[in-house]
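Please read the structure below before turning to the comments.
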Amino acid sequence: MIRFTEARANPRRPDDLSGDAHRRLIGWIGLLLPALLVVIAIDRDGLARWRSLESISAYYYTGAVAAFVGMLVTLALFLFTYRGFDNGYHKADRALAIIAGLAALVVAFFPTAAPTGVPPLSWWTRTTGVVHHVAAVVLFAMFAVFALWLFRLRRDGTTETTAWRNKVYLACGAAIVACIAWAGYNGATSREIFMPESVALVAFSFSWLVKGYAVETLVGTARRLLRSDGTSPAP
């Protein structure tokens with residue numbers, strides 16, 4: 001199997017097959033995606049065009065198309081190579097990651113309908129749009145399952161309910177489910193879905209960053225930088 005990060009021995013979880021860096025990279029991709037698309041679209045297409053975009057998927061039709069497709073493909077690659085943990089739920093880790101990776105590729109290569117005022121693609125059909133929306137729901141659903149179930153499991157297969165991390169996973173999973181419903185309602189009533197999609201992506205990202213111990217990594221890096229400057233970190 002291709003590996004994009006080195007799975008070093010994890011003293012917290014000896015059964016970890018992927019490594020915290022792998023999970024952090026997945027989290028950072030999701031967290032940066034909405035902001036990067038907005039910045040590029042405004043820079044290349046202007047504020048007036050940006051204001052007309054009602055979903056993250058609509059950025060396919062802007063100057064940010066390369067970032068949109070590229071980041072989704074990158075996310076898919078990291079999901080395809082995610083191996084999870086060597087326990088009784090290893091197959092579930094792999095299956096959900098592969099399904100999410102496939103869904104990310106479908107979202108990237110089967111675009112949504114063109115925004116108002118933008119000529120439709122010559123090869124686009126209504127079926128293309130249906131496939132896109134189904135894949136998007138599957139992608140977010142897999143993220144919710146990771147947060148609500150797999151991330152909260154102890155090594156013995158029981159669900160942790162007291163640690164702050166697991167409360168974060170629960171909150172993130174619940175937020176993703178709520179955003180799926182929110183986006184569905186907005187879509188059915190012809191309202192924008194950029195906000196529920198963005199909130200769902202942030203929730204997904206936070207769950208993977210916390211699972212990858214991103215906070216501890218950032219704090220540790222800051223302390224090392226302070227020490228290298230000859231300054232003692234505050235207690």
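Each chain in the structure tokens gets a letter, A, B and so on, in the order shown; residues start at 1 in every chain, and ligands are counted from 1 in the order they appear.
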
| Which residues come within 8 Å of Phe206 of chain A, counting only C-alpha atoms, excluding same-chain residues fewer than 4 positions away, as a list in words? | Gly27, Leu31, Cys172, Val202 and Val210 of chain A

| message | Residues near Ser205 of chain A, anyone? I mean within 10 Å using only C-alpha atoms, not counting same-chain ones fewer than 5 positions away, as a ChimeraX atom specification. | response | /A:23-32,143,172,199-200,210-211

Residue subset to file, keeping C-alpha atoms, as a PDB file, in the first residue's frame:
ATOM      1  CA  ARG A  23      -4.939  12.276  10.317  1.00  0.00           C
ATOM      2  CA  ARG A  24      -3.729  15.856  10.733  1.00  0.00           C
ATOM      3  CA  LEU A  25      -3.160  16.224   6.993  1.00  0.00           C
ATOM      4  CA  ILE A  26      -6.696  15.046   6.272  1.00  0.00           C
ATOM      5  CA  GLY A  27      -7.990  17.543   8.823  1.00  0.00           C
ATOM      6  CA  TRP A  28      -5.984  20.473   7.455  1.00  0.00           C
ATOM      7  CA  ILE A  29      -7.199  19.834   3.894  1.00  0.00           C
ATOM      8  CA  GLY A  30     -10.824  20.045   4.985  1.00  0.00           C
ATOM      9  CA  LEU A  31     -10.228  23.099   7.149  1.00  0.00           C
ATOM     10  CA  LEU A  32      -8.401  25.089   4.472  1.00  0.00           C
ATOM     11  CA  PHE A 143     -17.157  11.832   8.099  1.00  0.00           C
ATOM     12  CA  CYS A 172     -18.391  17.300  15.518  1.00  0.00           C
ATOM     13  CA  VAL A 199     -19.636  24.285   8.925  1.00  0.00           C
ATOM     14  CA  ALA A 200     -19.714  20.546   8.168  1.00  0.00           C
ATOM     15  CA  VAL A 210      -8.084  16.341  17.443  1.00  0.00           C
ATOM     16  CA  LYS A 211      -7.700  12.640  16.643  1.00  0.00           C
TER      17      LYS A 211
END

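Across A:Asn186, A:Asp20, A:Leu102, A:Asp15, the tightest approach to Thr217 of chain A is made by A:Asp20 when counting only C-alpha atoms.
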
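Across the model, the gap from atom CA of Ala21 of chain A to atom CA of Leu36 of chain A is 21.4 Å.
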
Exercise for the section: For Ile180 of chain A, list every protein, DNA or RNA residue within 12 Å, evaluated using only C-alpha atoms, and leave out those in the same chain fewer than 5 positions away; present the list as an NGL selection string. Expected result: :A and (133-134 or 136-144 or 173-175 or 185-187 or 193-201 or 203)

- Message: Please report the interatomic distance between atom CA of His132 of chain A and atom CA of Ala178 of chain A in Å with one decimal.
- Response: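 About the pair atom CA of His132 of chain A and atom CA of Ala178 of chain A: they are 19.9 Å apart.
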
Within 12 Å of Ala58 of chain A, counting only C-alpha atoms, which residues show up once you throw out same-chain ones fewer than 5 positions away? Write them as a ChimeraX atom specification, please. /A:34,37-38,41,49-53,63-65,68-69,107-108,110-116,118,120,129,132-133,192-194,197

Those residues with N, CA and C atoms, as a compact mmCIF listing (two decimals), in the first residue's frame please?
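To be explicit, this is the file written out as again-v4.txt:
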# COMPACT_ATOMS: atom_id res chain seq x y z
N PRO A 34 -12.58 25.60 2.25
CA PRO A 34 -13.52 26.71 2.01
C PRO A 34 -12.83 28.06 1.92
N LEU A 37 -10.81 28.50 -1.36
CA LEU A 37 -11.68 28.71 -2.52
C LEU A 37 -12.21 30.13 -2.57
N VAL A 38 -12.62 30.65 -1.42
CA VAL A 38 -13.16 32.02 -1.37
C VAL A 38 -12.09 33.03 -1.78
N ALA A 41 -11.32 32.71 -5.57
CA ALA A 41 -12.45 33.15 -6.40
C ALA A 41 -12.60 34.66 -6.38
N ARG A 49 -19.16 38.27 -8.70
CA ARG A 49 -19.31 36.86 -9.08
C ARG A 49 -19.29 35.96 -7.85
N TRP A 50 -18.43 36.28 -6.89
CA TRP A 50 -18.32 35.46 -5.68
C TRP A 50 -19.65 35.45 -4.91
N ARG A 51 -20.30 36.59 -4.84
CA ARG A 51 -21.57 36.68 -4.10
C ARG A 51 -22.66 35.81 -4.71
N SER A 52 -22.53 35.47 -5.98
CA SER A 52 -23.56 34.66 -6.64
C SER A 52 -23.39 33.16 -6.39
N LEU A 53 -22.28 32.76 -5.76
CA LEU A 53 -22.01 31.34 -5.55
C LEU A 53 -22.76 30.85 -4.31
N GLY A 63 -12.42 30.66 -10.97
CA GLY A 63 -10.98 30.56 -11.11
C GLY A 63 -10.34 29.67 -10.07
N ALA A 64 -11.16 29.20 -9.10
CA ALA A 64 -10.64 28.32 -8.05
C ALA A 64 -10.86 26.85 -8.37
N VAL A 65 -11.21 26.54 -9.63
CA VAL A 65 -11.51 25.16 -9.98
C VAL A 65 -10.33 24.23 -9.73
N PHE A 68 -10.20 23.50 -6.06
CA PHE A 68 -11.34 22.66 -5.69
C PHE A 68 -11.09 21.20 -6.05
N VAL A 69 -10.77 20.95 -7.31
CA VAL A 69 -10.54 19.58 -7.75
C VAL A 69 -9.27 19.01 -7.13
N VAL A 107 -17.35 13.70 -6.30
CA VAL A 107 -17.71 15.11 -6.12
C VAL A 107 -16.84 15.99 -7.01
N ALA A 108 -15.56 15.65 -7.12
CA ALA A 108 -14.63 16.45 -7.92
C ALA A 108 -14.88 16.34 -9.41
N PHE A 110 -17.70 14.95 -11.03
CA PHE A 110 -19.09 15.06 -11.47
C PHE A 110 -19.65 16.35 -10.87
N PRO A 111 -19.44 17.48 -11.53
CA PRO A 111 -19.79 18.77 -10.93
C PRO A 111 -21.28 18.99 -10.78
N THR A 112 -21.59 19.95 -9.91
CA THR A 112 -22.97 20.38 -9.74
C THR A 112 -23.38 21.24 -10.94
N ALA A 113 -24.63 21.68 -10.94
CA ALA A 113 -25.11 22.53 -12.04
C ALA A 113 -24.40 23.87 -12.02
N ALA A 114 -24.26 24.48 -13.18
CA ALA A 114 -23.60 25.78 -13.28
C ALA A 114 -24.41 26.84 -12.55
N PRO A 115 -23.74 27.77 -11.86
CA PRO A 115 -24.46 28.86 -11.18
C PRO A 115 -25.20 29.75 -12.18
N THR A 116 -26.13 30.53 -11.67
CA THR A 116 -26.88 31.45 -12.52
C THR A 116 -25.94 32.40 -13.25
N VAL A 118 -23.83 31.54 -15.60
CA VAL A 118 -22.66 30.83 -16.13
C VAL A 118 -23.14 29.79 -17.13
N PRO A 120 -23.72 26.47 -19.04
CA PRO A 120 -23.54 25.08 -18.59
C PRO A 120 -22.47 24.38 -19.41
N GLY A 129 -25.49 15.99 -12.11
CA GLY A 129 -25.78 16.71 -10.88
C GLY A 129 -26.29 15.81 -9.78
N HIS A 132 -23.43 13.91 -8.34
CA HIS A 132 -22.63 14.81 -7.50
C HIS A 132 -23.24 14.95 -6.11
N HIS A 133 -24.53 15.21 -6.04
CA HIS A 133 -25.17 15.44 -4.74
C HIS A 133 -25.23 14.17 -3.89
N GLU A 192 -29.07 29.12 -0.37
CA GLU A 192 -27.65 28.77 -0.47
C GLU A 192 -27.28 27.68 0.54
N ILE A 193 -26.33 26.85 0.15
CA ILE A 193 -25.88 25.77 1.05
C ILE A 193 -24.39 25.89 1.37
N PHE A 194 -23.80 27.04 1.02
CA PHE A 194 -22.36 27.21 1.29
C PHE A 194 -22.09 27.16 2.79
N GLU A 197 -22.41 23.59 4.34
CA GLU A 197 -21.29 22.79 3.84
C GLU A 197 -19.99 23.19 4.54

Judged by only C-alpha atoms, the minimum distance to His90 of chain A among A:Leu153, A:Leu47, A:Ala188, A:Ala76 is found for A:Leu153

Taking only C-alpha atoms into account, which of A:Leu121, A:Leu96, A:Leu75, A:Leu17 comes nearest Tyr60 of chain A?
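Counting only C-alpha atoms, the residue closest to Tyr60 of chain A is A:Leu121.
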
**Prompt:** At what distance in Å, to one decimal, does atom CA of Cys179 of chain A lie from atom CA of Arg94 of chain A?
**Reply:**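 Pair atom CA of Arg94 of chain A / atom CA of Cys179 of chain A returns 24.7 Å.
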